[in-house]
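To start, the structure itself, in structure tokens.
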Amino acid sequence: MTQSEIENKVGWHPYSLDHDAQALVVQFRDRKNILNESHKMRMSVAYGLERFWGEHLRFEREKSPESQGKGEYWKAVWVALAKTLASGDIQLPDAKGAVKFTETKKIQDVAQDIWNMQPEDRQVALMVLTQFCDSLVWWTQRYKI
């Protein structure tokens, strides 16, 4: 049975974290030094959702292609996490990764929205992010060039 056949079964909606992690690692694998960020992502989960979300902004501020690529990877992980959580009725702020480093008010709003999430939703989001990052690390260790 294929992944899409499983997802289409009534009452069965698996989190496709491992599949999504593999796809992201493959997508970014040919870009220099990007996949090393998987390990940093896993470590950063302990600092909370708002810090994880904001990390892409730090890279966006730097102008080197490598930093830009790292920022894109962090943002792609956030967007994938938001999509996964949405299937469980948990809405992450900036789910499309649209906020830019230059948009101070929007940055403040997203950070506040993350802080204002229901504690249960925030806890679930952190648990799912932890597992997602574990999968990213696993695939990175296999596919890294």
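Ordering of the structure tokens sets the chain letters (A, B, ...), residue numbers begin anew at 1 in every chain, and ligands are numbered from 1 in the order given.
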
Tell me, as an MDAnalysis selection string, which residues lie within 8 Å of Ala125 of chain A, counting only C-alpha atoms; anything in the same chain fewer than 6 positions away does not count. chainID A and resid 49 85 90

Using only C-alpha atoms, which residues of segment 42-70 of chain A come within 12 Å of segment 23-31 of chain A, and what is the closest atom pair for each, with the distance in Å to one decimal? Give it as a tab-separated table, sorted by chain and residue number.
residue	atom	partner	partner_atom	distance
A:Pro65	CA	A:Arg31	CA	9.7
A:Glu66	CA	A:Arg31	CA	8.0
A:Ser67	CA	A:Arg31	CA	10.9
A:Gln68	CA	A:Arg31	CA	10.8
A:Gly69	CA	A:Arg31	CA	7.4
A:Lys70	CA	A:Phe28	CA	9.1

Spatial neighbours of Val110 of chain A, max dist 12 Å, only C-alpha atoms, sep filter under 6 positions, as a ChimeraX atom specification: /A:49-51,53-54,91-100,103-104,116-117

Take the residues from that selection and put them in a file with N, CA and C atoms, as a short mmCIF file (atom, residue, chain, number, x, y, z; two decimals), in the first residue's frame.
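File written: result.cif
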data_model
loop_
_atom_site.label_atom_id
_atom_site.label_comp_id
_atom_site.auth_asym_id
_atom_site.auth_seq_id
_atom_site.Cartn_x
_atom_site.Cartn_y
_atom_site.Cartn_z
N LEU A 49 9.57 26.87 20.60
CA LEU A 49 9.08 27.11 19.23
C LEU A 49 9.47 28.48 18.70
N GLU A 50 9.37 29.51 19.54
CA GLU A 50 9.64 30.86 19.06
C GLU A 50 11.10 31.02 18.66
N ARG A 51 11.99 30.38 19.38
CA ARG A 51 13.41 30.47 19.02
C ARG A 51 13.69 29.64 17.77
N TRP A 53 11.54 29.01 15.37
CA TRP A 53 10.99 29.78 14.24
C TRP A 53 11.91 30.94 13.85
N GLY A 54 12.43 31.66 14.81
CA GLY A 54 13.23 32.85 14.53
C GLY A 54 14.60 32.60 13.96
N GLN A 91 -2.66 25.11 14.69
CA GLN A 91 -2.21 26.11 13.72
C GLN A 91 -0.95 26.81 14.24
N LEU A 92 0.13 26.70 13.48
CA LEU A 92 1.35 27.42 13.82
C LEU A 92 1.34 28.79 13.17
N PRO A 93 1.76 29.81 13.89
CA PRO A 93 1.92 31.13 13.27
C PRO A 93 2.96 31.08 12.16
N ASP A 94 2.81 31.93 11.17
CA ASP A 94 3.70 32.00 10.01
C ASP A 94 3.85 30.62 9.36
N ALA A 95 2.74 29.95 9.19
CA ALA A 95 2.74 28.59 8.65
C ALA A 95 3.29 28.50 7.24
N LYS A 96 3.33 29.60 6.53
CA LYS A 96 3.85 29.59 5.16
C LYS A 96 5.27 30.14 5.10
N GLY A 97 5.83 30.53 6.23
CA GLY A 97 7.19 31.06 6.25
C GLY A 97 7.33 32.35 5.49
N ALA A 98 6.32 33.21 5.58
CA ALA A 98 6.29 34.42 4.76
C ALA A 98 6.95 35.63 5.40
N VAL A 99 7.17 35.61 6.71
CA VAL A 99 7.72 36.78 7.41
C VAL A 99 9.20 36.94 7.07
N LYS A 100 9.59 38.16 6.77
CA LYS A 100 10.98 38.49 6.40
C LYS A 100 11.69 39.20 7.53
N GLU A 103 10.74 42.85 8.45
CA GLU A 103 9.37 43.14 8.86
C GLU A 103 9.22 43.06 10.39
N THR A 104 9.70 44.09 11.05
CA THR A 104 9.75 44.09 12.52
C THR A 104 8.39 43.82 13.16
N ASN A 116 1.25 32.91 22.61
CA ASN A 116 -0.16 32.84 22.97
C ASN A 116 -0.84 31.52 22.60
N MET A 117 -0.10 30.60 22.01
CA MET A 117 -0.68 29.30 21.69
C MET A 117 -1.15 28.62 22.98
#

Two-atom distance - atom CA of Met41 of chain A, atom CA of Arg58 of chain A (Å): 13.5 Å

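The coordinates place atom CA of Cys133 of chain A at 5.0 Å from atom CA of Arg42 of chain A.
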
Using DSSP on the backbone coordinates, identify the residues of segment 53-126 of chain A assigned to helix (DSSP H, G or I); present them as a VMD selection string. chain A and resid 53 to 61 65 to 86 104 to 115 119 to 126

Can I get the selected residues back with C-alpha atoms, as a JSON list (two decimals), in the first residue's frame?
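Saved the output as again-v7.json:
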[["chain", "number", "residue", "atom", "x", "y", "z"],
["A", 53, "TRP", "CA", 10.99, 29.78, 14.24],
["A", 54, "GLY", "CA", 13.23, 32.85, 14.53],
["A", 55, "GLU", "CA", 16.43, 31.08, 13.54],
["A", 56, "HIS", "CA", 15.69, 31.47, 9.82],
["A", 57, "LEU", "CA", 15.68, 35.25, 10.35],
["A", 58, "ARG", "CA", 19.25, 35.20, 11.63],
["A", 59, "PHE", "CA", 20.42, 33.51, 8.44],
["A", 60, "GLU", "CA", 18.30, 35.79, 6.28],
["A", 61, "ARG", "CA", 20.12, 38.79, 7.76],
["A", 65, "PRO", "CA", 24.53, 32.24, -0.35],
["A", 66, "GLU", "CA", 25.39, 29.62, 2.25],
["A", 67, "SER", "CA", 23.61, 31.53, 5.03],
["A", 68, "GLN", "CA", 20.63, 32.14, 2.77],
["A", 69, "GLY", "CA", 20.45, 28.41, 2.06],
["A", 70, "LYS", "CA", 20.55, 27.58, 5.76],
["A", 71, "GLY", "CA", 17.73, 30.03, 6.38],
["A", 72, "GLU", "CA", 15.70, 28.46, 3.61],
["A", 73, "TYR", "CA", 16.21, 25.03, 5.18],
["A", 74, "TRP", "CA", 15.05, 26.21, 8.62],
["A", 75, "LYS", "CA", 12.04, 27.90, 7.04],
["A", 76, "ALA", "CA", 11.18, 24.78, 5.01],
["A", 77, "VAL", "CA", 11.23, 22.70, 8.18],
["A", 78, "TRP", "CA", 8.90, 25.17, 9.92],
["A", 79, "VAL", "CA", 6.48, 25.11, 6.97],
["A", 80, "ALA", "CA", 6.51, 21.30, 6.88],
["A", 81, "LEU", "CA", 5.90, 21.20, 10.64],
["A", 82, "ALA", "CA", 3.00, 23.64, 10.27],
["A", 83, "LYS", "CA", 1.46, 21.46, 7.55],
["A", 84, "THR", "CA", 1.76, 18.35, 9.71],
["A", 85, "LEU", "CA", 0.29, 20.05, 12.77],
["A", 86, "ALA", "CA", -2.56, 21.53, 10.74],
["A", 104, "THR", "CA", 9.75, 44.09, 12.52],
["A", 105, "LYS", "CA", 6.04, 44.34, 13.32],
["A", 106, "LYS", "CA", 5.28, 40.98, 11.72],
["A", 107, "ILE", "CA", 8.17, 39.38, 13.63],
["A", 108, "GLN", "CA", 6.74, 40.73, 16.87],
["A", 109, "ASP", "CA", 3.27, 39.50, 15.97],
["A", 110, "VAL", "CA", 4.43, 35.97, 15.11],
["A", 111, "ALA", "CA", 6.50, 35.70, 18.28],
["A", 112, "GLN", "CA", 3.50, 36.85, 20.32],
["A", 113, "ASP", "CA", 1.22, 34.42, 18.51],
["A", 114, "ILE", "CA", 3.57, 31.57, 19.35],
["A", 115, "TRP", "CA", 3.65, 32.64, 22.99],
["A", 119, "PRO", "CA", -0.10, 25.27, 26.30],
["A", 120, "GLU", "CA", -1.32, 21.86, 25.13],
["A", 121, "ASP", "CA", -0.90, 22.82, 21.46],
["A", 122, "ARG", "CA", 2.57, 24.21, 22.13],
["A", 123, "GLN", "CA", 3.55, 21.02, 23.94],
["A", 124, "VAL", "CA", 2.28, 18.82, 21.10],
["A", 125, "ALA", "CA", 4.03, 21.03, 18.55],
["A", 126, "LEU", "CA", 7.33, 20.68, 20.44]]
